[in-house]
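Enquirer: Just passing along the structure, written as structure tokens.
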Amino acid sequence: MARASFRHADNAAAFVANQQRTAWHDKALWFVRTKRDAAAGSLPEWEQLREAASQIKLHTLSRLADYLEQFEENAARLGGHVHWAQTAEQHNEIVLDLLRSHGVTRVAKSKSMLTEECHLNPYLEQHGVQVVDTDLGERIVQLRKESPSHIVLPAIHIKKEEVGELFHQHMGTRAGAVDPTYLTEAARGHLREKFIAAEAGITGVNFAVAETGGIVVCTNEGNADLGVSLPPLHIACMGIEKLIPRAEHLAVFLRLLARSATGQPITTYTSHFHGPRPGGELHIVLVDNGRSRLRKSQEFRPALKCIRCGACMNTCPVYRRSGGHSYQATVPGPIGSVLNPTRDASAYHSLPFACSLCGSCTDVCPVKVPLHQQLLALRSEMAEQGQLARSKRWQMKLASAVLRRSWLYRVAGTIARWFLRWAPKSFVYNRWNVWGKQRNLPEPPRQTFRRQFRRHVEQKRNSTGDSQ
Amino acid sequence: MIAFFAADTTAKPLYSTNGSESFGRCTYNRWPLFESIEKPMRVGLFIPCYVDQFYPDVGMATVELLERHGVEVDYPDAQTCCGQPMANTGCVAETRPLAERFLHIFGDYPYVVSPSGSCVAMVRKHYDRYLTGRPGFAELVQKTFELCEFLVDVLHVEGLPGRFPHRVGLHQSCHGLRELRSGRASELVETRFSKPRQLLQMLDGLEMADLQRPDECCGFGGTFAVGEEAVSCRMGMDRINDHETAEAEVITATDMSCLMHLAGLIGRHGKKISVMHIAQILAGRSLPEARSS
């Protein structure tokens, strides 16, 4: 699916223009980050857990094909059906075929970033299937006909007043109601009807265990469990990178996931599915959609370690101040800025530059994806692919040519300082000076450091000369 | 790496406790077998291009600090820029000659010191892409230090003369913090430490301001400051507000680039808070007079 090219900076500027909302958004996410810090800090072995998780994931990726086959075999032994989808389109077709063959027209879906990535909802709706997102945040964005702005907190960009208004329209709650408990009760009633009416449940997968053939789904609302417990058909959709070799490895990942995501010691519901429930059917759809290509890349393979906790978004100072939608992608924030351009450089070329390279994402990541280093590597990748603005490219060529010659650098510096000192203000501060829109330029000193240092050396030589 | 130098620096450096002894030589022994050969420690000073042009006093404060600890400071005149702006824009071909120049200019010094965490991180953490395998490159990585690191890890400074009776907010510049590990980043579950903070606290009368967000990025980020101007300025204003809320009189950092960005915002918005590079505070400069806005 070809997407139009866009500049993150333009979207971000539009978001930042609303100062109060930006402050509110930043604070809401920073609050989650501080909760994460407290939760992580409660485990003295935190850094060892991160390292272990990283190693387990790297190991799994190094022999992914073997583990996938092992998983398929064991999942089938438990009575599940495993399907393989190379692309998002294939994934959608498999799901639709399954629903059709079971005569399903109403589906309860729990949160799955993979189905978002594949744009499953619109596809199913086009083909006459009604899909209800049962995660509260996802239901909110679904009713607003929006996409999630965060992978763990899909409606983090929406204020409770706006939720009140939305529910008033769709669920008939009192006008002007903002009380979260009241609104959640209403949503619960509304969703209960959908759960009962559903003929199939679709879930995502947090972890799939090769040795057992089991899958693990983590939610806080229990919506995945309810969604697959009532109807007889359970379809679980997962990216092939969700695999871990052994059940004991869950002891590492489950401790990291919820702490990193929301600062909870563990998600409220951690559901292990080993085959279908009696009388039901379990179908697991394994999706590649570009993952094997990423796995082949030496540089970007570590991005496949990601367990989708969202911690890099909560900590990213740019994400917090530009909102998830500014990335125009299913997965926003630092990890999204790595994943999306590797898939579609012409649409997402600006994302690796939506980053001050502060490195906070790298340090917060529970599986040690070197995010900021990947973003930096992607910048040269973008330049190589000709995705850099021509003006930027020429500026850098010029700067490099000047800086390679000490004399030219000194002349250029002298001219720049002279210009800043003597040029009329309108020559310095105008629409071409982006720096100067909200910031002053430094006041140029009369002498450079090198001049002052030379004088200092002369003075020192003279004074030691005198004393001898 | 640090242990390597600590072992190599056999003699404890001398540092003056009053200004008049500023030529007391720090001695170290590069050849432990020849105990009698003692030389002053020689350092190649790397001053980032924008500091050379716009903030000469930051460079001079660095020189004074190093000389006060008996270090012989040499400033190779051919130096210009480490190439970070080009590297961070993704222009590899434009960066390589600058990295090569750097190695050529600084390769022969026993130590290279710079008052910038960001530029040192460029050399230590990012030059491998351009220089791996070049003679002298592995050594360059080992011997290049940010000023505060050098004072703490190589010179083992345990006290500093001077008084700075002000409330100071330390902005932990990201590259010094998370690439050079000059302190513990708030994301990590490790023992808390901060080399810049440790040095600041040696000064008499200095009080540290407690920030709500100990190591949030200021939003400079090199070309990010222009490419993402709106978010960059917003981040800067938030960083300044945090310092103001903590009643800091001055914001200091190991990188003048962060401070250039913050000072630009402070100046434009007529705020009272000052900025000073950490070298200036440590070298005994006084707080700049509050400008009337």
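FYI, nothing fancy with the structure tokens labels: chains A, B, ... in order, residues from 1 per chain, ligands from 1 as they appear.
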Pull the closest atom pair for each residue of chain B that gets at most 7 Å from chain A, along with the distance in Å to one decimal, counting only C-alpha atoms, ordering rows by chain and then ascending residue number, as a tab-separated table.

Expert:
residue	atom	partner	partner_atom	distance
B:Asp52	CA	A:Phe449	CA	4.6
B:Gln53	CA	A:Thr448	CA	5.0
B:Phe54	CA	A:Pro444	CA	5.4
B:Pro56	CA	A:Phe449	CA	4.1
B:Gly59	CA	A:Phe449	CA	6.3
B:Met60	CA	A:Phe453	CA	7.0
B:Ala78	CA	A:Ser406	CA	5.5
B:Gln79	CA	A:Ser406	CA	6.7
B:Thr80	CA	A:Leu403	CA	5.8
B:Cys81	CA	A:Leu403	CA	6.4
B:Met86	CA	A:Met396	CA	5.8
B:Asn88	CA	A:Leu376	CA	6.4
B:Thr89	CA	A:Arg379	CA	6.2
B:Gly90	CA	A:Ser380	CA	3.6
B:Cys91	CA	A:Ser380	CA	6.0
B:Val92	CA	A:Ser380	CA	6.6
B:Glu94	CA	A:Ser400	CA	5.6
B:Leu98	CA	A:Arg404	CA	6.2
B:Cys174	CA	A:Cys358	CA	5.1
B:His175	CA	A:Cys358	CA	6.7
B:Arg178	CA	A:Gly359	CA	6.3
B:Glu187	CA	A:Val364	CA	5.3
B:Leu188	CA	A:Asp363	CA	6.4
B:Val189	CA	A:Gly41	CA	5.7
B:Cys217	CA	A:Cys358	CA	6.1
B:Gly219	CA	A:Ser356	CA	6.3
B:Phe220	CA	A:Ser356	CA	6.8
B:Gly221	CA	A:Ser356	CA	4.2
B:Phe224	CA	A:Ser356	CA	5.8
B:Val226	CA	A:Trp435	CA	5.7
B:Gly227	CA	A:Ala9	CA	7.0
B:Glu228	CA	A:Ala9	CA	5.1
B:Ala230	CA	A:Ala13	CA	5.2
B:Val231	CA	A:Arg321	CA	6.4
B:Met260	CA	A:Pro442	CA	6.8
B:Gly264	CA	A:Asn440	CA	4.2
B:Leu265	CA	A:Arg439	CA	4.7
B:Gly267	CA	A:Asn440	CA	6.2
B:Arg268	CA	A:Arg439	CA	5.6

Enquirer: Could you pull out the helix (DSSP H, G or I) residues of range 216-312 of chain A from DSSP and send them as a ChimeraX atom specification?

Expert: /A:223-229,240-242,247-262,291-296,301-305,311-312

Enquirer: Could you give me, as a PyMOL selection string, the residues within 10 Å of Leu180 in chain B, counting only C-alpha atoms and dropping anything in the same chain fewer than 3 positions from it?

Expert: chain B and resi 117-118+120-122+124-125+145-146+149+174-177+183

Enquirer: From a DSSP calculation on the backbone, collect every residue of range 17-266 of chain B in strand (DSSP E) and output the set as a list of chain:residue names.

Expert: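 Those in range 17-266 of chain B that DSSP calls strand (DSSP E) are B:Thr27, B:Tyr28, B:Lys39, B:Pro40, B:Arg42, B:Val43, B:Gly44, B:Leu45, B:Glu72, B:Val73, B:Asp74, B:Tyr111, B:Val112, B:Val113, B:Ser114, B:Thr144, B:Phe145, B:Glu146, B:Arg167, B:Val168, B:Gly169, B:Leu170, B:His171, B:Glu207, B:Met208, B:Val250, B:Ile251, B:Thr252, B:Ala253.
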
Enquirer: Just the number, please: distance in Å from CA of Ala88 in chain A to CA of Asn289 in chain A, one decimal.

Expert: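 Computing it gives 5.7 Å between the two atoms.
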
Enquirer: Of the candidates A:Ala53, A:Leu64, A:Val209, A:Ala85, which one gets nearest to Gly290 in chain A if we count only C-alpha atoms?

Expert: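 Of A:Ala53, A:Leu64, A:Val209, A:Ala85, the one nearest Gly290 in chain A is A:Ala85, counting only C-alpha atoms.
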
Enquirer: Measuring between only C-alpha atoms, which one of B:Thr245, B:Thr223, B:Asp128, B:Pro161 shows the shortest distance to Gly205 in chain B?

Expert: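 Answer, going by the shortest atom-to-atom distance: B:Pro161.
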
Enquirer: Quick one: of A:Val252, A:Val141, A:Val331, A:Ala258, who's nearest to Ala52 in chain A, counting only C-alpha atoms?

Expert: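 Closest residue, counting only C-alpha atoms: A:Val252.
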
Enquirer: Neighbouring residues of Val178 in chain A were defined as those with any atom within 9 Å, considering only C-alpha atoms; residues of the same chain fewer than 4 positions away were excluded. Please report them as a list in words.

Expert: Lys160, Glu161, Glu162, Val163, Gly164, Glu165, Tyr182 and Leu183 of chain A

Enquirer: For the residues in that selection, give me C-alpha atoms as a compact mmCIF listing (two decimals), in the first residue's frame.

Expert:
# COMPACT_ATOMS: atom_id res chain seq x y z
CA LYS A 160 -12.05 12.59 29.25
CA GLU A 161 -14.35 15.47 28.22
CA GLU A 162 -14.07 14.28 24.64
CA VAL A 163 -14.77 10.70 25.69
CA GLY A 164 -17.87 11.95 27.55
CA GLU A 165 -19.11 13.66 24.43
CA TYR A 182 -19.38 6.42 35.11
CA LEU A 183 -18.10 6.43 31.53

Enquirer: List as an MDAnalysis selection string the protein and nucleic acid residues near Arg96 in chain B, meaning an atom at most 9 Å away when only C-alpha atoms are counted, but skip any in the same chain fewer than 6 places from it.

Expert: chainID B and resid 83 87 127 129:131

Enquirer: Which neighbours of Gly136 in chain B fall inside 9 Å, counting only C-alpha atoms, when residues of the same chain fewer than 5 positions from it are skipped, and could you give them as a ChimeraX atom specification?

Expert: /B:103-104,107-108,141

Enquirer: The selected residues should be written to file as a tab-separated table (two decimals), in the first residue's frame (atoms: C-alpha atoms).

Expert:
chain	number	residue	atom	x	y	z
B	103	LEU	CA	42.69	11.47	13.67
B	104	HIS	CA	45.56	13.06	11.77
B	107	GLY	CA	46.47	11.06	16.85
B	108	ASP	CA	49.84	11.81	18.43
B	141	VAL	CA	39.07	6.24	21.19

Enquirer: Determine the nearest neighbour of Pro85 in chain B from the options B:Ala225, B:Ala246, B:Ile281, B:Leu211, counting only C-alpha atoms.

Expert: B:Ala225

Enquirer: Excluding Ile140 in chain A and any residue of its chain fewer than 2 positions from it, enumerate the residues within 9 Å of it, using only C-alpha atoms, and give them as a list in words.

Expert: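 My reading of the contact set: Asp133, Asp135, Leu136, Gly137, Glu138, Gln142, Leu143, Arg144, Lys145, Glu146, Pro154, Ala155, Ile158, Val163, Leu166 and Phe167 of chain A.
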
Enquirer: I'd like to know which of B:Ala138, B:Val63, B:Val71, B:Cys82 is closest to Pro40 in chain B, using only C-alpha atoms.

Expert: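 Result for the nearest residue to Pro40 in chain B: B:Val71.
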